[in-house]
Amino acid sequence: MSAGHAEARAADAPRVVTATLSPAWDITVTVSRLDLGRSHRIGPAAGRLGGKGINVARVLADTGIGAYVQGPVADEHRPEAARSAEVEASTGGTPVWDLTPTPSRLRCSYAVVEGSGRATVLNETAFEHPPEVWEALTDSISRRLSEPAVSVLVLSGSTPADCPEDFHSNLVTAAHAAGVSVIVDTSGPGLLRAARAGADWVKPNAEELNELFADVDLIASAGELVRAGAGHVLVSRGEEGMVLVDRTGPRSSARLGRVLQGNPTGAGDAAVAGVARCLAAKSQGPEPARLPDEDVRAILREAVALSASAVLMPQAGQVHPEWQNLRHEVVITKEQA
Ligand SMILES: Nc1ncnc2c1ncn2[C@@H]1O[C@H](COP(=O)(O)OP(=O)(O)OP(=O)(O)O)[C@@H](O)[C@H]1O
Ligand SMILES: [Mg+2]
């Protein structure tokens with residue numbers, strides 16, 4: 001192969017590895033209005049393989065950044081992943097599926113989306129995996145981290161109860177050894193473990209922070225995660241936007257200049273994809289202790305525009321094609337340290 005060809009291949013190679021610890025078969029039902037306690041007649045329900053990291057990978061692929069999809073998924077569901085890939089190939093970018101086999105059944109997630117955009121989601125708890133599945137998943141992710149093009153690892157979604165305690169810390173160590181930045185979007189003890197492991201970025205929403213620290217002050221709670229070891233804490237606050245706190249204190253908050261009507265499920269995943277896009281665009285290597293203001297603004301602009309554009313789409317993992325224009329509507333306010 002000529003050097004030119006090798007370069008072209010490297011440019012196309014996935015730059016982000018996403019891992020979904022609790023993937024699901026996502027079933028979306030659309031109704032004009034949900035009347036609790038009543039029967040409803042519905043059109044065909046759309047089903048596809050989904051989960052937080054998968055949403056991130058779909059947004060990345062759709063916006064031109066190659067991403068691997070890692071996660072424990074039974075062989076019997078591989079055809080569904082293949083079918084998802086076929087549909088995606090016809091509608092936009094396709095993430096690269098690289099799933100780890102498990103004998104456990106895939107959980108289901110049911111979303112009822114009303115005409116107003118309001119979504120009611122019922123999430124089945126993840127089924128346990130044998131310990132060797134977690135080992136195989138760690139190995140599979142670690143192998144991808146050593147690929148020269150890979151510069152970002154995203155660990156997203158709820159952390160199942162049977163996930164080994166050192167899962168996040170092992171992967172953060174492996175990622176850092178390979179010069180790869182780590183973004184973790186999870187909740188509960190998994191979020192605290194990720195911070196303690198030294199994740200470069202964590203992205204809790206306000207509810208997840210409150211659940212962990214029971215403190216009404218979000219900046220103070222975000223500071224707790226920084227003190228635990230996280231490099232940057234990006235707190236998302238629904239339609240009120242997001243705020244970034246790092247080791248030097250609160251940096252900036254950002255929001256779209258208007259509130260959008262739509263389905264906010266997956267908006268946080270699109271925000272994570274925005275951060276991953278910015279990190280993947282930079283050369284590999286350790287991040288500076290304090291990101292320059294210009295980089296903070298660029299990351300916030302990307303995260304707010306992508307997450308807002310996700311609200312405009314009916315399904316999680318999709319972004320509106322006009323998302324780049326929304327960047328001009330992002331209002332950024334510098335926080336006082
Ligand atoms: N109605 C809205 N209008 C404009 N922007 C919105 C709206 N809702 C959410 N956003 C944007 O999306 C970002 C992420 O939303 P949110 O805080 O709800 O994430 P989340 O709870 O983690 O979502 P999920 O876990 O379902 O992906 C917000 O920080 C904000 O920038
Ligand atoms: Mg979220």
# chains A, B, ... in the order shown; residues from 1 in each chain; ligands from 1
>>> closest_atom_pairs(of="range 203-289 of chain A", to="range 114-137 of chain A", cutoff="9 Å", atoms="only C-alpha atoms", output="CSV")
residue,atom,partner,partner_atom,distance
A:Gln261,CA,A:Gly117,CA,6.8
A:Gly262,CA,A:Gly117,CA,4.3
A:Asn263,CA,A:Gly117,CA,4.7
A:Pro264,CA,A:Ala119,CA,8.1
A:Thr265,CA,A:Ala119,CA,7.4
>>> residues_near_ligand(ligand="ligand 2", cutoff="10 Å", atoms="only C-alpha atoms and all ligand atoms", output="VMD selection string")
chain A and resid 52 156 to 158 185 to 187 203 to 208 235 to 236 238 264 to 272
>>> write_last_selection(atoms="N, CA and C atoms", output="mmCIF file, in the first residue's frame")
data_model
loop_
_atom_site.group_PDB
_atom_site.id
_atom_site.type_symbol
_atom_site.label_atom_id
_atom_site.label_comp_id
_atom_site.auth_asym_id
_atom_site.auth_seq_id
_atom_site.Cartn_x
_atom_site.Cartn_y
_atom_site.Cartn_z
ATOM 1 N N LYS A 52 -26.675 4.426 25.850
ATOM 2 C CA LYS A 52 -26.047 5.761 25.904
ATOM 3 C C LYS A 52 -24.815 5.894 24.990
ATOM 4 N N SER A 156 -20.283 5.216 28.700
ATOM 5 C CA SER A 156 -21.589 5.848 28.909
ATOM 6 C C SER A 156 -22.659 4.891 29.368
ATOM 7 N N GLY A 157 -23.590 5.428 30.121
ATOM 8 C CA GLY A 157 -24.760 4.671 30.520
ATOM 9 C C GLY A 157 -24.649 4.138 31.925
ATOM 10 N N SER A 158 -25.764 3.596 32.418
ATOM 11 C CA SER A 158 -25.760 3.136 33.806
ATOM 12 C C SER A 158 -24.741 2.020 33.979
ATOM 13 N N ASP A 185 -19.949 9.149 31.344
ATOM 14 C CA ASP A 185 -21.308 9.656 31.583
ATOM 15 C C ASP A 185 -22.104 8.530 32.224
ATOM 16 N N THR A 186 -22.105 8.523 33.564
ATOM 17 C CA THR A 186 -22.872 7.516 34.281
ATOM 18 C C THR A 186 -23.391 8.140 35.565
ATOM 19 N N SER A 187 -24.002 7.331 36.422
ATOM 20 C CA SER A 187 -24.592 7.888 37.642
ATOM 21 C C SER A 187 -24.240 7.005 38.828
ATOM 22 N N LYS A 203 -19.839 13.792 32.823
ATOM 23 C CA LYS A 203 -20.975 14.630 32.426
ATOM 24 C C LYS A 203 -22.252 14.228 33.153
ATOM 25 N N PRO A 204 -22.338 14.558 34.443
ATOM 26 C CA PRO A 204 -23.587 14.266 35.146
ATOM 27 C C PRO A 204 -24.650 15.299 34.776
ATOM 28 N N ASN A 205 -25.929 14.905 34.868
ATOM 29 C CA ASN A 205 -26.963 15.944 34.816
ATOM 30 C C ASN A 205 -27.248 16.369 36.263
ATOM 31 N N ALA A 206 -28.074 17.400 36.427
ATOM 32 C CA ALA A 206 -28.293 17.967 37.768
ATOM 33 C C ALA A 206 -28.848 16.910 38.730
ATOM 34 N N GLU A 207 -29.763 16.082 38.210
ATOM 35 C CA GLU A 207 -30.409 15.063 39.044
ATOM 36 C C GLU A 207 -29.365 14.034 39.536
ATOM 37 N N GLU A 208 -28.468 13.645 38.638
ATOM 38 C CA GLU A 208 -27.447 12.650 39.004
ATOM 39 C C GLU A 208 -26.496 13.201 40.073
ATOM 40 N N VAL A 235 -21.699 19.787 33.916
ATOM 41 C CA VAL A 235 -23.018 19.504 34.489
ATOM 42 C C VAL A 235 -24.079 19.982 33.507
ATOM 43 N N SER A 236 -24.945 19.058 33.063
ATOM 44 C CA SER A 236 -26.017 19.488 32.156
ATOM 45 C C SER A 236 -27.278 19.731 32.960
ATOM 46 N N GLY A 238 -30.608 20.370 31.580
ATOM 47 C CA GLY A 238 -31.776 20.396 30.703
ATOM 48 C C GLY A 238 -31.813 21.678 29.885
ATOM 49 N N PRO A 264 -36.150 15.533 24.750
ATOM 50 C CA PRO A 264 -34.790 15.743 25.287
ATOM 51 C C PRO A 264 -34.046 14.441 25.607
ATOM 52 N N THR A 265 -34.684 13.264 25.426
ATOM 53 C CA THR A 265 -33.977 12.014 25.723
ATOM 54 C C THR A 265 -32.804 11.886 24.751
ATOM 55 N N GLY A 266 -31.617 11.717 25.288
ATOM 56 C CA GLY A 266 -30.433 11.593 24.430
ATOM 57 C C GLY A 266 -29.725 12.924 24.197
ATOM 58 N N ALA A 267 -30.292 14.024 24.732
ATOM 59 C CA ALA A 267 -29.623 15.324 24.555
ATOM 60 C C ALA A 267 -28.276 15.316 25.282
ATOM 61 N N GLY A 268 -28.244 14.668 26.454
ATOM 62 C CA GLY A 268 -26.990 14.568 27.205
ATOM 63 C C GLY A 268 -25.945 13.758 26.430
ATOM 64 N N ASP A 269 -26.404 12.716 25.740
ATOM 65 C CA ASP A 269 -25.472 11.898 24.943
ATOM 66 C C ASP A 269 -24.891 12.732 23.795
ATOM 67 N N ALA A 270 -25.738 13.571 23.195
ATOM 68 C CA ALA A 270 -25.248 14.439 22.117
ATOM 69 C C ALA A 270 -24.233 15.443 22.669
ATOM 70 N N ALA A 271 -24.455 15.903 23.920
ATOM 71 C CA ALA A 271 -23.490 16.824 24.545
ATOM 72 C C ALA A 271 -22.142 16.114 24.722
ATOM 73 N N VAL A 272 -22.197 14.859 25.155
ATOM 74 C CA VAL A 272 -20.958 14.069 25.307
ATOM 75 C C VAL A 272 -20.256 13.922 23.945
#
>>> residues_around(residues="range 18-34 of chain A", least_positions_apart="5", cutoff="6 Å", atoms="only C-alpha atoms", output="count of residues only")
28
>>> closest_residue(among="A:Asp215, A:Asp295, A:Glu147, A:Glu165", to="Arg251 in chain A", atoms="only C-alpha atoms")
A:Asp295
>>> closest_residue(among="A:Leu60, A:Val184, A:Ile42, A:Ala230", to="Pro95 in chain A", atoms="only C-alpha atoms")
A:Leu60
>>> closest_residue(among="A:Leu291, A:Val233, A:Ala298, A:Ala316", to="ligand 1", atoms="only C-alpha atoms and all ligand atoms")
A:Ala316
>>> atom_distance(atom1="CA of Ala161 in chain A", atom2="CA of Gly188 in chain A")
10.5 Å
>>> select_by_dssp(residues="range 85-320 of chain A", states="helix (DSSP H, G or I)", output="PyMOL selection string")
chain A and resi 85-91+131-145+167-177+188-196+206-213+218-228+238-240+267-281+293-311
>>> closest_residue(among="A:Ala220, A:Val259, A:Leu244, A:Val319", to="Val296 in chain A", atoms="only C-alpha atoms")
A:Leu244
>>> atom_distance(atom1="CA of Ala57 in chain A", atom2="CA of Gly317 in chain A")
7.9 Å
>>> atom_distance(atom1="CA of Val16 in chain A", atom2="CA of Ile54 in chain A")
11.8 Å
>>> closest_residue(among="A:Glu294, A:Glu302, A:Glu239, A:Glu335", to="ligand 1", atoms="only C-alpha atoms and all ligand atoms")
A:Glu239
>>> select_by_dssp(residues="range 182-251 of chain A", states="strand (DSSP E or B)", output="VMD selection string")
chain A and resid 182 to 185 201 to 202 205 232 to 236 242 to 246 249 to 251
>>> residues_around(residues="Asp75 in chain A", least_positions_apart="4", cutoff="10 Å", atoms="only C-alpha atoms", output="list of chain:residue names")
A:Pro79, A:Glu80, A:Ala81, A:Leu99, A:Thr100, A:Pro101, A:Thr102, A:Pro103, A:Ser104, A:Arg105
>>> write_last_selection(atoms="C-alpha atoms", output="PDB file, in the first residue's frame")
ATOM      1  CA  PRO A  79     -28.480  -9.517  13.438  1.00  0.00           C
ATOM      2  CA  GLU A  80     -30.277  -6.591  15.082  1.00  0.00           C
ATOM      3  CA  ALA A  81     -26.996  -4.652  15.292  1.00  0.00           C
ATOM      4  CA  LEU A  99     -19.618  -5.944  20.402  1.00  0.00           C
ATOM      5  CA  THR A 100     -18.532  -8.461  23.043  1.00  0.00           C
ATOM      6  CA  PRO A 101     -20.600 -11.688  23.150  1.00  0.00           C
ATOM      7  CA  THR A 102     -22.455 -12.589  26.338  1.00  0.00           C
ATOM      8  CA  PRO A 103     -24.854 -15.414  27.199  1.00  0.00           C
ATOM      9  CA  SER A 104     -27.125 -12.882  28.979  1.00  0.00           C
ATOM     10  CA  ARG A 105     -30.315 -11.545  27.445  1.00  0.00           C
TER      11      ARG A 105
END
>>> closest_residue(among="A:Val330, A:Ala177, A:Val245, A:Leu192", to="ligand 1", atoms="only C-alpha atoms and all ligand atoms")
A:Val330
